[in-house]
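Structure first, then comments.
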Amino acid sequence: MKKMLCLTVIIPLFVVSVFAADFIQGDINEDGVVNGTDLTYLTTFLDLGFSPYPVFNMEAADVNFDGLINRDDYTVLRSFLIEGVPMPSPPEPEPEPSLFDTLSLAVNAVVSNVVSMVTVVFSNPILSLCIAIFLIGGAIGLFSRLV
Ligand SMILES: [Ca+2]
Ligand SMILES: [Ca+2]
């Protein structure tokens, strides 16, 4: 009864930082098989908030690949072991952006910056007048060289 109370009151959440592929999903004790021992490891970990065992593979314990180790993983692992329900597949890795996507982002950033600079400049009448004088002076200079 005391253990059940502990199970229902304390629902620890543990963050798993990296999805790695060098482990067997659910093989928490890293003995090469997924069995009741792994479920015991996971239950103990969830009850205590830490693992008393020398080996505890955090990535393998996150059997539903949501980045957390919690009761949902217990449910998935238990269903797999007892009912044969397949465990979820690991998430697909994010595709690398193409060169076109990267260039598009860069061009969009440059255009956005130029537009905001032009907006700032032309919203200031003194700056607008200075630029107009500069452009007219340059045009006159260029025209005088051509003639
Ligand atoms: Ca195992
Ligand atoms: Ca999980």
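Convention: chains lettered A, B, ... in structure tokens order; per-chain residue numbering from 1; ligands numbered from 1 as shown.
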
What are the nearest atom pairs, with distances in Å to one decimal, for all residues of region 61-95 of chain A that come at most 10 Å from region 45-55 of chain A, using only C-alpha atoms, set out by chain and rising residue number as a tab-separated table?
```
residue	atom	partner	partner_atom	distance
A:Ala61	CA	A:Phe45	CA	9.7
A:Ile69	CA	A:Leu46	CA	8.0
A:Asn70	CA	A:Leu46	CA	6.7
A:Arg71	CA	A:Leu46	CA	7.6
A:Tyr74	CA	A:Leu46	CA	8.7
```

Task: Shell of 6 Å around ligand 1 (only C-alpha atoms and all ligand atoms), written as a PyMOL selection string - done: chain A and resi 27-35+38

Filtering to C-alpha atoms, could you give me those residues as a PDB file, in the first residue's frame?
```
ATOM      1  CA  ASP A  27      17.152  -2.131 -22.892  1.00  0.00           C
ATOM      2  CA  ILE A  28      17.710   0.013 -19.855  1.00  0.00           C
ATOM      3  CA  ASN A  29      20.292  -2.233 -18.189  1.00  0.00           C
ATOM      4  CA  GLU A  30      22.193  -2.688 -21.468  1.00  0.00           C
ATOM      5  CA  ASP A  31      22.312  -6.482 -21.348  1.00  0.00           C
ATOM      6  CA  GLY A  32      21.217  -6.793 -24.967  1.00  0.00           C
ATOM      7  CA  VAL A  33      17.606  -7.847 -24.366  1.00  0.00           C
ATOM      8  CA  VAL A  34      14.417  -6.052 -23.388  1.00  0.00           C
ATOM      9  CA  ASN A  35      12.684  -7.920 -20.607  1.00  0.00           C
ATOM     10  CA  ASP A  38      14.355  -3.418 -17.683  1.00  0.00           C
TER      11      ASP A  38
END
```

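Identified as lying at most 7 Å from ligand 2 when counting only C-alpha atoms and all ligand atoms are the residues Asp62, Val63, Asn64, Phe65, Asp66, Gly67, Leu68, Ile69, Asn70, Asp72 and Asp73 of chain A.
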
TODO: Return as a ChimeraX atom specification the full set of residues in chain A whose backbone-based DSSP assignment is alpha helix (DSSP H).
DONE: /A:2-9,36-48,58-61,71-83,99-123,125-146

So that I have them on file, write out the residues from the current selection with C-alpha atoms, as a PDB file, in the first residue's frame.
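Written file, selection.pdb:
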```pdb
ATOM      1  CA  LYS A   2       2.823   2.374   0.869  1.00  0.00           C
ATOM      2  CA  LYS A   3       4.499   1.636  -2.452  1.00  0.00           C
ATOM      3  CA  MET A   4       1.279   2.241  -4.379  1.00  0.00           C
ATOM      4  CA  LEU A   5       0.864   5.589  -2.637  1.00  0.00           C
ATOM      5  CA  CYS A   6       4.378   6.496  -3.658  1.00  0.00           C
ATOM      6  CA  LEU A   7       3.644   5.459  -7.239  1.00  0.00           C
ATOM      7  CA  THR A   8       0.496   7.538  -7.482  1.00  0.00           C
ATOM      8  CA  VAL A   9       1.694  10.663  -5.676  1.00  0.00           C
ATOM      9  CA  GLY A  36      11.164  -7.643 -17.147  1.00  0.00           C
ATOM     10  CA  THR A  37      14.456  -6.595 -15.627  1.00  0.00           C
ATOM     11  CA  ASP A  38      14.355  -3.418 -17.683  1.00  0.00           C
ATOM     12  CA  LEU A  39      10.822  -2.761 -16.461  1.00  0.00           C
ATOM     13  CA  THR A  40      12.022  -3.256 -12.886  1.00  0.00           C
ATOM     14  CA  TYR A  41      14.883  -0.816 -13.504  1.00  0.00           C
ATOM     15  CA  LEU A  42      12.464   1.748 -14.888  1.00  0.00           C
ATOM     16  CA  THR A  43       9.968   1.291 -12.050  1.00  0.00           C
ATOM     17  CA  THR A  44      12.704   1.662  -9.445  1.00  0.00           C
ATOM     18  CA  PHE A  45      14.023   4.748 -11.176  1.00  0.00           C
ATOM     19  CA  LEU A  46      10.577   6.341 -11.265  1.00  0.00           C
ATOM     20  CA  ASP A  47       9.853   5.449  -7.632  1.00  0.00           C
ATOM     21  CA  LEU A  48      13.164   6.653  -6.225  1.00  0.00           C
ATOM     22  CA  MET A  58      18.591   7.066 -19.949  1.00  0.00           C
ATOM     23  CA  GLU A  59      18.101   7.110 -23.733  1.00  0.00           C
ATOM     24  CA  ALA A  60      16.876   3.510 -23.730  1.00  0.00           C
ATOM     25  CA  ALA A  61      14.497   4.299 -20.862  1.00  0.00           C
ATOM     26  CA  ARG A  71       5.019   6.922 -16.360  1.00  0.00           C
ATOM     27  CA  ASP A  72       4.254   7.021 -20.086  1.00  0.00           C
ATOM     28  CA  ASP A  73       7.495   5.135 -20.729  1.00  0.00           C
ATOM     29  CA  TYR A  74       6.534   2.621 -18.066  1.00  0.00           C
ATOM     30  CA  THR A  75       3.165   2.092 -19.760  1.00  0.00           C
ATOM     31  CA  VAL A  76       4.743   1.645 -23.188  1.00  0.00           C
ATOM     32  CA  LEU A  77       7.420  -0.754 -21.942  1.00  0.00           C
ATOM     33  CA  ARG A  78       4.936  -2.750 -19.898  1.00  0.00           C
ATOM     34  CA  SER A  79       2.523  -3.009 -22.840  1.00  0.00           C
ATOM     35  CA  PHE A  80       5.384  -4.163 -25.047  1.00  0.00           C
ATOM     36  CA  LEU A  81       6.510  -6.844 -22.604  1.00  0.00           C
ATOM     37  CA  ILE A  82       3.121  -8.135 -21.493  1.00  0.00           C
ATOM     38  CA  GLU A  83       0.832  -7.569 -24.485  1.00  0.00           C
ATOM     39  CA  LEU A  99      21.612  25.455 -50.147  1.00  0.00           C
ATOM     40  CA  PHE A 100      18.625  27.160 -51.796  1.00  0.00           C
ATOM     41  CA  ASP A 101      16.843  27.424 -48.425  1.00  0.00           C
ATOM     42  CA  THR A 102      19.950  28.851 -46.793  1.00  0.00           C
ATOM     43  CA  LEU A 103      20.464  31.390 -49.582  1.00  0.00           C
ATOM     44  CA  SER A 104      16.775  32.340 -49.503  1.00  0.00           C
ATOM     45  CA  LEU A 105      16.999  33.038 -45.792  1.00  0.00           C
ATOM     46  CA  ALA A 106      20.132  35.140 -46.297  1.00  0.00           C
ATOM     47  CA  VAL A 107      18.574  37.153 -49.145  1.00  0.00           C
ATOM     48  CA  ASN A 108      15.391  37.684 -47.132  1.00  0.00           C
ATOM     49  CA  ALA A 109      17.440  38.940 -44.194  1.00  0.00           C
ATOM     50  CA  VAL A 110      19.400  41.367 -46.377  1.00  0.00           C
ATOM     51  CA  VAL A 111      16.264  42.668 -48.118  1.00  0.00           C
ATOM     52  CA  SER A 112      14.517  43.069 -44.783  1.00  0.00           C
ATOM     53  CA  ASN A 113      17.450  45.048 -43.370  1.00  0.00           C
ATOM     54  CA  VAL A 114      17.678  47.280 -46.456  1.00  0.00           C
ATOM     55  CA  VAL A 115      13.943  47.978 -46.366  1.00  0.00           C
ATOM     56  CA  SER A 116      14.069  48.900 -42.693  1.00  0.00           C
ATOM     57  CA  MET A 117      17.109  51.169 -43.269  1.00  0.00           C
ATOM     58  CA  VAL A 118      15.366  52.937 -46.156  1.00  0.00           C
ATOM     59  CA  THR A 119      12.246  53.310 -44.062  1.00  0.00           C
ATOM     60  CA  VAL A 120      14.216  54.888 -41.225  1.00  0.00           C
ATOM     61  CA  VAL A 121      16.124  57.225 -43.543  1.00  0.00           C
ATOM     62  CA  PHE A 122      13.089  58.459 -45.459  1.00  0.00           C
ATOM     63  CA  SER A 123      11.027  58.910 -42.327  1.00  0.00           C
ATOM     64  CA  PRO A 125      13.088  64.751 -43.389  1.00  0.00           C
ATOM     65  CA  ILE A 126      16.607  66.074 -42.703  1.00  0.00           C
ATOM     66  CA  LEU A 127      18.229  62.797 -43.728  1.00  0.00           C
ATOM     67  CA  SER A 128      15.966  62.654 -46.780  1.00  0.00           C
ATOM     68  CA  LEU A 129      17.047  66.169 -47.799  1.00  0.00           C
ATOM     69  CA  CYS A 130      20.754  65.316 -47.305  1.00  0.00           C
ATOM     70  CA  ILE A 131      20.426  62.189 -49.426  1.00  0.00           C
ATOM     71  CA  ALA A 132      18.530  64.062 -52.112  1.00  0.00           C
ATOM     72  CA  ILE A 133      21.242  66.764 -52.218  1.00  0.00           C
ATOM     73  CA  PHE A 134      23.947  64.086 -52.314  1.00  0.00           C
ATOM     74  CA  LEU A 135      22.224  62.245 -55.174  1.00  0.00           C
ATOM     75  CA  ILE A 136      21.522  65.446 -57.140  1.00  0.00           C
ATOM     76  CA  GLY A 137      25.132  66.609 -56.639  1.00  0.00           C
ATOM     77  CA  GLY A 138      26.420  63.228 -57.814  1.00  0.00           C
ATOM     78  CA  ALA A 139      24.151  63.333 -60.854  1.00  0.00           C
ATOM     79  CA  ILE A 140      25.279  66.845 -61.727  1.00  0.00           C
ATOM     80  CA  GLY A 141      28.934  65.829 -61.328  1.00  0.00           C
ATOM     81  CA  LEU A 142      28.433  62.770 -63.503  1.00  0.00           C
ATOM     82  CA  PHE A 143      26.525  64.783 -66.095  1.00  0.00           C
ATOM     83  CA  SER A 144      29.273  67.479 -66.214  1.00  0.00           C
ATOM     84  CA  ARG A 145      31.926  64.810 -66.841  1.00  0.00           C
ATOM     85  CA  LEU A 146      29.932  63.321 -69.674  1.00  0.00           C
TER      86      LEU A 146
END
```

Task: DSSP strand (DSSP E or B) residues within region 8-90 of chain A, as JSON, numbers by chain - done: {"A": [14, 15, 68, 69]}
